[in-house]
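A.B. asks: Shown below is the structure under consideration.
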Amino acid sequence: MQQNSPRPGIYLVTDPPLSLATHAPERHFRSEAERHSAAIDLTTQLVETVVAAGVSTVQLRWKNVEARYFYDLSLAVSDVTAGTADLIINDRVDVYLAAREAGAQLAGVHIGQTDLHPSSVRKLIGQDAQIGWSVSQPAEIVEANRLADVIDSAGVGVLRATATKTDAPPPLGFDGIARLADELKVPTTAIGGIKTADIAHLAPSVHNIAVVSALVASPAPGQEAREMVRLFNHARQPGETFTANAQGA
Ligand SMILES: Cc1ncc(COP(=O)(O)OP(=O)(O)O)c(N)n1
Ligand SMILES: Cc1ncsc1CCOP(=O)(O)O
Ligand SMILES: [Mg+2]
């Protein structure tokens, strides 16, 4: 198995347009550059807040944006996660490589079934970076287990349908996620439609739990994140605590 262990705990996946829609719905922008710059600032503030509350992994996900803005976001967020939480880049291996070259502290990438294949990505990013791979059905579990020497974790979902990703695979429910996690040889990240009230139920069966809207669209993301981390830790073995840069196990 790959040796780049993902941190257990609560995992934020960003959505800069949703941050803007939530926190600056009325704001007028004179240009796309100005809109993107505001989205980067809001996302960086959100990451700082939730990492201070104990979120241990952050994935930068910004669909359909020009590479330059994604790169700028990576450098800005790296400044607030460095040495504290793992920072992962979604989809864009080119952005990962460029930001890493520029000094960003990045833990790795997350790729899906239609992104570059994990074996190609491993050759590009080297042995010391994490690769997370999305899986949602039995044939993909078989392939993920065959690639257990290449990938470091599997993103398994969705728990329930979500407006954040309308092209997501059919919902698996709690039992479906637990069954796939059990069959996987690599640590599982649960994702898709997950709310704070689901954390206690999911935590015993997976390695970490990823959320987008539950934190990005929350009016009080710090409090929400703190509660998620508390529920996650409570549901795990006594003595284990999983927060940013304070793994108890
Ligand atoms: C942790 C985690 N799991 C799954 C996904 C979904 O990835 P993918 O299937 O490539 O879809 P997009 O996120 O690219 O729309 C994820 N991002 N993170
Ligand atoms: C990126 C991603 N991959 C599968 S579902 C999803 C979005 C999850 O968003 P939310 O936590 O708001 O349901
Ligand atoms: Mg993808």
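Going by the structure tokens order, chains are called A, B, ..., each with residues numbered from 1, while ligands are numbered from 1 in the order shown.
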Taking only C-alpha atoms and all ligand atoms into account, which residues are within 9 Å of ligand 2, as number ranges by chain?

C.D. replies: A: 12-15, 61, 90, 112, 134, 155-169, 190-195, 210-217

A.B. asks: Write out as JSON, numbers by chain which residues come within 12 Å of segment 220-224 of chain A when counting only C-alpha atoms, dropping same-chain ones fewer than 5 positions away.

C.D. replies: {"A": [10, 12, 19, 22, 23, 43, 45, 46, 47, 48, 49, 50, 51, 52, 53, 54, 55, 195, 196, 197, 199, 211, 212, 213, 214, 215, 229, 230, 231]}

A.B. asks: Collect all residues with atoms no farther than 6 Å from ligand 3, counting only C-alpha atoms and all ligand atoms, and output them as a compact mmCIF listing (two decimals) with all heavy atoms, in the first residue's frame.

C.D. replies:
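Result went into result.txt, see below:
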# COMPACT_ATOMS: atom_id res chain seq x y z
N ASP A 91 -8.86 17.46 -9.20
CA ASP A 91 -8.84 17.37 -10.67
C ASP A 91 -7.53 17.82 -11.34
O ASP A 91 -7.05 17.15 -12.25
CB ASP A 91 -9.94 18.22 -11.34
CG ASP A 91 -11.34 17.70 -11.13
OD1 ASP A 91 -11.51 16.54 -10.68
OD2 ASP A 91 -12.29 18.45 -11.42
N ILE A 111 -8.72 12.76 -7.61
CA ILE A 111 -9.14 12.59 -9.00
C ILE A 111 -10.33 11.65 -9.07
O ILE A 111 -10.53 10.80 -8.19
CB ILE A 111 -7.98 12.08 -9.88
CG1 ILE A 111 -7.28 10.89 -9.21
CG2 ILE A 111 -7.01 13.21 -10.18
CD1 ILE A 111 -6.20 10.26 -10.06
N GLY A 112 -11.12 11.81 -10.15
CA GLY A 112 -12.31 10.99 -10.33
C GLY A 112 -12.13 10.01 -11.47
O GLY A 112 -11.07 9.95 -12.11
N ASP A 115 -11.14 11.63 -14.71
CA ASP A 115 -9.93 12.47 -14.72
C ASP A 115 -8.75 11.60 -15.20
O ASP A 115 -8.93 10.44 -15.58
CB ASP A 115 -9.67 13.02 -13.31
CG ASP A 115 -10.81 13.94 -12.86
OD1 ASP A 115 -11.21 14.79 -13.66
OD2 ASP A 115 -11.30 13.79 -11.72

A.B. asks: Enumerate, as a list in words, the complete set of residues in segment 103-164 of chain A that a backbone-based DSSP assignment places in helix (DSSP H, G or I).

C.D. replies: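 Here is the list: Pro118, Ser119, Ser120, Val121, Arg122, Lys123, Leu124, Ile125, Pro138, Ala139, Glu140, Ile141, Val142, Glu143, Ala144, Asn145 and Arg146 of chain A.
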
A.B. asks: Write the residues of the selection above to a file with C-alpha atoms, as a CSV table (one decimal), in the first residue's frame.

C.D. replies:
chain,number,residue,atom,x,y,z
A,118,PRO,CA,-4.1,7.3,-11.0
A,119,SER,CA,-1.1,5.5,-12.5
A,120,SER,CA,-0.5,8.4,-14.8
A,121,VAL,CA,-0.9,10.9,-12.0
A,122,ARG,CA,1.5,8.9,-9.7
A,123,LYS,CA,4.2,9.3,-12.4
A,124,LEU,CA,3.6,13.0,-12.6
A,125,ILE,CA,3.4,13.9,-8.9
A,138,PRO,CA,-18.5,-2.6,-7.1
A,139,ALA,CA,-16.4,-2.7,-10.3
A,140,GLU,CA,-14.6,0.5,-9.2
A,141,ILE,CA,-13.9,-1.0,-5.8
A,142,VAL,CA,-12.2,-4.0,-7.5
A,143,GLU,CA,-10.1,-1.6,-9.5
A,144,ALA,CA,-9.3,0.6,-6.5
A,145,ASN,CA,-8.1,-2.5,-4.6
A,146,ARG,CA,-5.9,-3.5,-7.6

A.B. asks: Can you work out which one of A:Ala104, A:Ala67, A:Leu97, A:Leu116 has the shortest atom-to-atom distance to ligand 1, counting only C-alpha atoms and all ligand atoms?

C.D. replies: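 Using only C-alpha atoms and all ligand atoms, the shortest distance to ligand 1 belongs to A:Leu116.
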
A.B. asks: May I ask for the distance between atom CA of His117 of chain A and atom CA of Val135 of chain A, given in Å to one decimal place?

C.D. replies: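 Taking atom CA of His117 of chain A as the start and atom CA of Val135 of chain A as the end point, the length is 12.7 Å.
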
A.B. asks: Record the distance separating atom CA of Gly108 of chain A and atom CA of Pro171 of chain A, expressed in Å with one decimal.

C.D. replies: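 Interatomic distance, atom CA of Gly108 of chain A to atom CA of Pro171 of chain A: 26.6 Å.
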
A.B. asks: Of the candidates A:Gly176, A:Pro6, A:Pro219, A:Pro204, which one gets nearest to ligand 1 if we count only C-alpha atoms and all ligand atoms?

C.D. replies: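 Looking at the shortest contact to ligand 1, the residue is A:Pro6.
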
A.B. asks: Please determine, counting only C-alpha atoms, which residue among A:Ser5, A:Asn208, A:Thr44, A:Thr114 has the shortest atom-to-atom distance to Ala235 of chain A.

C.D. replies: A:Asn208

A.B. asks: Would you please work out which residue, of A:Arg7, A:Lys63, A:His201, A:His110, is nearest to Gly132 of chain A when using only C-alpha atoms?

C.D. replies: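 Among the listed residues, A:His110 lies closest to Gly132 of chain A.
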
A.B. asks: Using only C-alpha atoms and all ligand atoms, which of A:His207, A:Arg27, A:Arg68, A:Arg226 sits nearest ligand 1?

C.D. replies: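 Among the listed residues, A:His207 lies closest to ligand 1.
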
A.B. asks: Looking only at the backbone, which of the residues in segment 33-160 of chain A does DSSP tag as strand (DSSP E or B), as a ChimeraX atom specification?

C.D. replies: /A:57-60,86-90,108-111,130-135,153-157

A.B. asks: Expressed in Å to a single decimal, how great is the separation between atom CA of Glu101 of chain A and atom CA of Ser78 of chain A?

C.D. replies: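 Distance reported for this atom pair: 12.6 Å.
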
A.B. asks: Would you list the contacts of segment 36-42 of chain A as a list in words, taking every protein, DNA or RNA residue within 6 Å and counting only C-alpha atoms, but skipping same-chain residues closer than 5 positions in sequence?

C.D. replies: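 My reading of the contact set: Pro16, Leu20 and Leu73 of chain A.
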